[in-house]
Amino acid sequence: MTKIKKLHHKRLNFPPQDVQSLRERIEAAPTNGIHEVLEPYTEWPFVRGDMYHWIPILNRFDEIMADANEKYKLAELQEVDFDSDTQKTLVSILRFSRLLLENCINRNLYSSVDRLDSLLNTSDPEVLENTLRLLLRASQRWSYQRDLRANQAVMSSRLLTLADPWHTKKDIAPPASSDAGGNIATHTNEFRLLARNENTELLKAHGGVIRYQFFRTAEDVEQLGEEAGASGPESAEPAAKETALPDARKKAGDSSSSSHRRTPSKKSHQPDSGRSLGAASEGLVSIHTPVSELGLDRSAGLHVQMRQAFAKLVAKYKVPRAHRYELRQRIYVALALFAGDSELRYTLLRSRIFSAAILSQLMNEREFKNAFLSREPNFTADIIGVLQPEVHAPLSVQTAVFLALDSLLKQRSEVSGAYVALNASANHGVLMFILRKAFTNVDGPPVFPYEFMSTLYFFLTGMANNMNGGQLLVSAGVVPVFVAALKHTHPQQLRSTGRVAKLLDYLISSTNSTFPAFCSANGIATLVERIHSE
């Protein structure tokens with residue numbers, strides 16, 4: 001990245017006083033104190049801004065990220081955890097940068113995409129999630145897609161790893177769900193299973209297993225031998241079970257490293273006899289290790305446990321560098337389930353959803369179908385299942401779903417499936433349920449937080465402008481709900497009222513049946529009354 005060197009536009013106005021005050025505070029704060037200035041700004045409290053006003057701040061943010069990338073060697077897999085101040089600073093910078101992209105014009109000035117690419121190698125789940133969310137917002141702008149696609153070859157492999165299925169539904173079948181005939185009703189939607197908070201104990205009991213398969217090539221064996229020679233003699237780990245593939249299958253197995261892309265060999269596993277790293281052989285390697293059998297220090301934090309598990313599995317199974325990113329992600333997932341840490345589980349789940357959404361923006365329809373949908377064809381319908389009221393998913397996960405849907409609807413093959421899963425044309429569908437709940441309290445504060453409502457409006461705007469989406473919304477009866485929302489008088493509802501008016505304008509302009517419905521709901525009188533009250 002090069003610093004933003006564009007001069008201020010000749011007609012650029014001075015920023016508002018509150019914006020100028022915040023800029024001065026950020027510029028004056030020491031690097032390890034920036035997060036204290038930015039943490040209160042979880043939403044945008046100012047009028048719509050101009051990115052030109054924030055050029056010095058963006059340059060400083062870029063320098064901080066560059067220093068962190070260099071200090072922690074994020075060009076490769078992160079091996080040393082961030083200290084507390086660095087982690088908080090990076091999270092606050094990423095969040096505030098996203099707010100700038102969402103609420104400022106001239107967003108094409110932002111030019112730190114390559115720093116975000118390096119941050120994908122982080123081992124910190126919170127930093128990773130915020131990096132992905134900022135990348136998603138950047139990928140939704142055409143001007144940034146050029147920068148992102150320049151790194152697509154490297155970035156896509158990591159995004160595919162983060163978006164991979166966890167295969168939880170294959171191993172968890174609650175005994176309580178057995179019917180009278182003895183059949184066990186298994187979960188078919190992994191996202192619904194993972195989003196249910198009441199499933200924490202079930203996941204803890206059955207989900208804490210690290211599963212991963214990879215094909216060790218001749219190049220990998222040579223690289224491992226060089227690493228072993230450079231590190232000197234080391235004590236051998238317990239024998240790892242491996243299965244070598246015939247030569248005819250080596251080329252096919254080398255094309256990918258994900259466990260769900262291969263079928264394990266049915267031959268009996270042959271122990272490796274504790275050979276050194278340099279004696280590793282070519283073939284398919286299958287890892288299936290319960291977390292409870294790794295002998296981790298349970299009193300330590302999950303970051304420490306992850307590094308312990310990672311070091312043991314890399315040494316035991318002689319995992320080449322090319323496969324360690326995916327192995328680390330599998331370890332984090334297994335640890336989150338085994339420890340019953342619902343917050344970490346939700347963080348990883350949101351990262352998985354964001355990764356898939358970014359891929360849908362960076363790839364054309366054919367590439368996205370071959371690279372991702374071929375492995376998870378029901379992804380769009382499955383994440384919509386999280387929105388069902390009986391799931392009781394956290395609002396943060398539901399927010400991630402709406403953010404992803406806004407991107408996935410750009411893929412034409414996903415539009416009809418998304419509308420069916422949302423039951424978008426039905427008055428009793430999940431989307432109408434959410435809208436009614438959001439706009440029931442006319443005189444009170446919002447039912448949902450601002451971040452969720454903002455994401456919902458982004459999605460509805462995209463849907464109103466997408467193929468038959470506007471017609472489906474009108475058929476479901478959304479117009480009377482929006483007319484009722486025009487009556488909101490609570491100060492915290494004012495921004496929502498303006499956005500609802502814009503949505504009605506979109507629908508009336510694009511769909512012939514909207515205006516009769518608007519008149520039938522007494523919309524003209526309501527709008528005139530609202531204008532007078534303003």
# chains A, B, ... in the order shown; residues from 1 in each chain; ligands from 1
>>> residues_around(residues="stretch 379-382 of chain A", least_positions_apart="6", cutoff="8 Å", atoms="only C-alpha atoms", output="list of chain:residue names")
A:Asn189, A:Glu190, A:Phe191, A:Arg192, A:Leu373, A:Leu405, A:Leu408, A:Glu414, A:Gly417, A:Ala418, A:Ala421
>>> residues_around(residues="stretch 348-354 of chain A", least_positions_apart="4", cutoff="9 Å", atoms="only C-alpha atoms", output="number ranges by chain")
A: 125-126, 128-130, 132-133, 135-136, 159-165, 191, 194-195, 332-333, 336, 343-344, 358-359, 383, 396-397, 400-401, 403-404
>>> atom_distance(atom1="atom CA of A:Lys312", atom2="atom CA of A:Gly295")
9.8 Å
>>> select_by_dssp(residues="stretch 190-229 of chain A", states="strand (DSSP E or B)", output="ChimeraX atom specification")
/A:209-216
>>> residues_around(residues="stretch 439-452 of chain A", least_positions_apart="2", cutoff="7 Å", atoms="only C-alpha atoms", output="list of chain:residue names")
A:Thr399, A:Leu435, A:Arg436, A:Lys437, A:Ser454, A:Thr455, A:Leu456, A:Ala485, A:Lys487, A:His488, A:Thr489, A:His490, A:Gln492, A:Gln493
>>> closest_residue(among="A:Thr347, A:Gln308, A:Thr217, A:Ser156", to="A:Val285", atoms="only C-alpha atoms")
A:Thr217
>>> atom_distance(atom1="atom CA of A:Thr289", atom2="atom CA of A:His323")
16.6 Å
